[in-house]
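Below: the structure, in structure tokens.
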Amino acid sequence: MKTHDTIIIRGLELPVLIGVPAAEREAWQVITADVTLTLCRGFDAMRDELSETVDYEAVANQIKALSAERPRKLLETLAAEITSVMLGNETIKAVEVELRKRILPGVDHVAVKMHRQRE
């Protein structure tokens, strides 16, 4: 049986120093992320073991730490770094990241969405 199991983290709050103007990168902001991880193999629910899947708390903490690690100009850069780190986990076959930032007046948010997968 072919499976397509995913772990989804919605609305993850990330502390960042991000923005093109230097002044924008001087103050901490909070952006939000949605992260979808496609597993390399199907989850064996009958085993009820964390080793069968991805620890989403560890993933969330890893993404938060990465986001706060250094200043960046572009959401695209952070999204690419997140996808790269997630694909370093041998349990993950594909990752989709959407980052949202409230920055423009009269606009709910701007967003970047990136999807990457193993060859």
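Here's how to read the names in the structure tokens: chain A, B, ... by the order shown, residue numbers from 1 in each chain, ligand numbers from 1 in the order shown.
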
*asked:* Give me, as a ChimeraX atom specification, all polymer residues having an atom no more than 7 Å from range 85-101 of chain A, counting only C-alpha atoms and skipping those fewer than 2 positions away in the same chain.
replied: /A:31-40,75,79,81-83,103,109-118

Can you write just those residues out, C-alpha atoms, as a JSON list (two decimals), in the first residue's frame?
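Final file, selection07.json:
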```json
[["chain", "number", "residue", "atom", "x", "y", "z"],
["A", 31, "ILE", "CA", 6.22, 36.29, 11.74],
["A", 32, "THR", "CA", 4.06, 33.19, 11.38],
["A", 33, "ALA", "CA", 4.78, 29.97, 9.56],
["A", 34, "ASP", "CA", 2.84, 27.01, 8.29],
["A", 35, "VAL", "CA", 5.00, 23.94, 7.80],
["A", 36, "THR", "CA", 3.93, 20.72, 6.10],
["A", 37, "LEU", "CA", 6.27, 17.73, 6.30],
["A", 38, "THR", "CA", 5.72, 14.69, 4.09],
["A", 39, "LEU", "CA", 7.14, 11.54, 5.62],
["A", 40, "CYS", "CA", 9.34, 9.11, 3.69],
["A", 75, "LEU", "CA", 11.55, 35.91, 3.85],
["A", 79, "ALA", "CA", 12.09, 29.80, 3.90],
["A", 81, "GLU", "CA", 16.97, 27.67, 5.10],
["A", 82, "ILE", "CA", 14.01, 26.03, 6.85],
["A", 83, "THR", "CA", 13.32, 23.67, 3.94],
["A", 103, "ILE", "CA", 4.44, 44.85, 7.12],
["A", 109, "HIS", "CA", 0.15, 40.08, 5.40],
["A", 110, "VAL", "CA", 2.67, 39.28, 2.72],
["A", 111, "ALA", "CA", 3.77, 35.69, 2.32],
["A", 112, "VAL", "CA", 6.33, 33.43, 0.74],
["A", 113, "LYS", "CA", 5.57, 29.77, 0.08],
["A", 114, "MET", "CA", 8.28, 27.27, -0.80],
["A", 115, "HIS", "CA", 8.06, 23.55, -1.54],
["A", 116, "ARG", "CA", 11.12, 21.29, -1.70],
["A", 117, "GLN", "CA", 11.52, 17.52, -1.87],
["A", 118, "ARG", "CA", 14.17, 14.87, -2.14]]
```

_Residues flagged helix (DSSP H, G or I) by DSSP in chain A, as an NGL selection string_ = :A and (24-26 or 50-52 or 56-68 or 75-87)

For range 58-72 of chain A, work out the shell of residues within 8 Å, counting only C-alpha atoms and skipping chain neighbours fewer than 5 positions away, then give it as a short mmCIF file (atom, residue, chain, number, x, y, z; two decimals) with C-alpha atoms, in the first residue's frame.
```cif
data_model
loop_
_atom_site.label_atom_id
_atom_site.label_comp_id
_atom_site.auth_asym_id
_atom_site.auth_seq_id
_atom_site.Cartn_x
_atom_site.Cartn_y
_atom_site.Cartn_z
CA ILE A 9 2.25 22.79 11.94
CA LEU A 12 4.03 28.77 14.30
CA GLU A 13 5.24 32.09 15.72
CA LEU A 14 8.85 32.85 14.84
CA PRO A 15 10.96 35.62 16.41
CA VAL A 16 13.02 37.24 13.65
CA LEU A 17 15.18 40.18 12.69
CA ILE A 18 14.13 40.48 9.05
CA GLY A 19 13.59 43.15 6.43
CA ARG A 25 16.25 44.39 11.03
CA THR A 77 16.07 33.27 2.46
CA LEU A 78 14.57 32.07 5.73
CA ILE A 82 14.01 26.03 6.85
#
```

*Can you list, as number ranges by chain, all residues belonging to range 12-77 of chain A that DSSP tags as strand (DSSP E)?*
A: 12-16, 29-39

For those residues, write N, CA and C atoms to a file as a PDB file, in the first residue's frame.
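The resulting file, again_9.pdb, is shown below:
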```pdb
ATOM      1  N   LEU A  12       2.849  28.774  13.428  1.00  0.00           N
ATOM      2  CA  LEU A  12       4.026  28.773  14.296  1.00  0.00           C
ATOM      3  C   LEU A  12       4.603  30.191  14.359  1.00  0.00           C
ATOM      4  N   GLU A  13       4.710  30.740  15.552  1.00  0.00           N
ATOM      5  CA  GLU A  13       5.235  32.093  15.725  1.00  0.00           C
ATOM      6  C   GLU A  13       6.756  32.048  15.799  1.00  0.00           C
ATOM      7  N   LEU A  14       7.392  32.847  14.933  1.00  0.00           N
ATOM      8  CA  LEU A  14       8.845  32.855  14.840  1.00  0.00           C
ATOM      9  C   LEU A  14       9.406  34.242  15.152  1.00  0.00           C
ATOM     10  N   PRO A  15      10.291  34.346  16.142  1.00  0.00           N
ATOM     11  CA  PRO A  15      10.958  35.619  16.408  1.00  0.00           C
ATOM     12  C   PRO A  15      12.055  35.828  15.374  1.00  0.00           C
ATOM     13  N   VAL A  16      12.049  36.991  14.712  1.00  0.00           N
ATOM     14  CA  VAL A  16      13.025  37.241  13.649  1.00  0.00           C
ATOM     15  C   VAL A  16      13.497  38.689  13.642  1.00  0.00           C
ATOM     16  N   GLN A  29      10.728  41.087  15.394  1.00  0.00           N
ATOM     17  CA  GLN A  29       9.360  40.959  14.902  1.00  0.00           C
ATOM     18  C   GLN A  29       8.936  39.508  15.106  1.00  0.00           C
ATOM     19  N   VAL A  30       7.649  39.288  15.012  1.00  0.00           N
ATOM     20  CA  VAL A  30       7.147  37.912  15.022  1.00  0.00           C
ATOM     21  C   VAL A  30       6.436  37.692  13.695  1.00  0.00           C
ATOM     22  N   ILE A  31       6.914  36.701  12.951  1.00  0.00           N
ATOM     23  CA  ILE A  31       6.216  36.286  11.735  1.00  0.00           C
ATOM     24  C   ILE A  31       5.584  34.931  12.030  1.00  0.00           C
ATOM     25  N   THR A  32       4.684  34.495  11.174  1.00  0.00           N
ATOM     26  CA  THR A  32       4.061  33.192  11.385  1.00  0.00           C
ATOM     27  C   THR A  32       4.401  32.259  10.224  1.00  0.00           C
ATOM     28  N   ALA A  33       4.428  30.982  10.548  1.00  0.00           N
ATOM     29  CA  ALA A  33       4.781  29.969   9.559  1.00  0.00           C
ATOM     30  C   ALA A  33       3.786  28.818   9.595  1.00  0.00           C
ATOM     31  N   ASP A  34       3.513  28.294   8.427  1.00  0.00           N
ATOM     32  CA  ASP A  34       2.835  27.010   8.287  1.00  0.00           C
ATOM     33  C   ASP A  34       3.858  26.073   7.665  1.00  0.00           C
ATOM     34  N   VAL A  35       4.011  24.903   8.260  1.00  0.00           N
ATOM     35  CA  VAL A  35       5.004  23.937   7.805  1.00  0.00           C
ATOM     36  C   VAL A  35       4.309  22.594   7.600  1.00  0.00           C
ATOM     37  N   THR A  36       4.473  22.035   6.405  1.00  0.00           N
ATOM     38  CA  THR A  36       3.929  20.717   6.099  1.00  0.00           C
ATOM     39  C   THR A  36       5.085  19.794   5.746  1.00  0.00           C
ATOM     40  N   LEU A  37       5.194  18.698   6.486  1.00  0.00           N
ATOM     41  CA  LEU A  37       6.271  17.731   6.298  1.00  0.00           C
ATOM     42  C   LEU A  37       5.679  16.428   5.776  1.00  0.00           C
ATOM     43  N   THR A  38       6.152  15.973   4.634  1.00  0.00           N
ATOM     44  CA  THR A  38       5.716  14.687   4.088  1.00  0.00           C
ATOM     45  C   THR A  38       6.742  13.637   4.498  1.00  0.00           C
ATOM     46  N   LEU A  39       6.245  12.587   5.112  1.00  0.00           N
ATOM     47  CA  LEU A  39       7.136  11.544   5.623  1.00  0.00           C
ATOM     48  C   LEU A  39       7.585  10.595   4.508  1.00  0.00           C
TER      49      LEU A  39
END
```

*asked:* Would you compute the distance between CA of Tyr56 in chain A and CA of Thr6 in chain A? Give it in Å to one decimal.
replied: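 It comes out at 11.0 Å.
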
*Atomic separation - CA of Leu104 in chain A relative to CA of Glu26 in chain A, Å*: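 So the two atoms, CA of Glu26 in chain A and CA of Leu104 in chain A, lie 17.7 Å apart.
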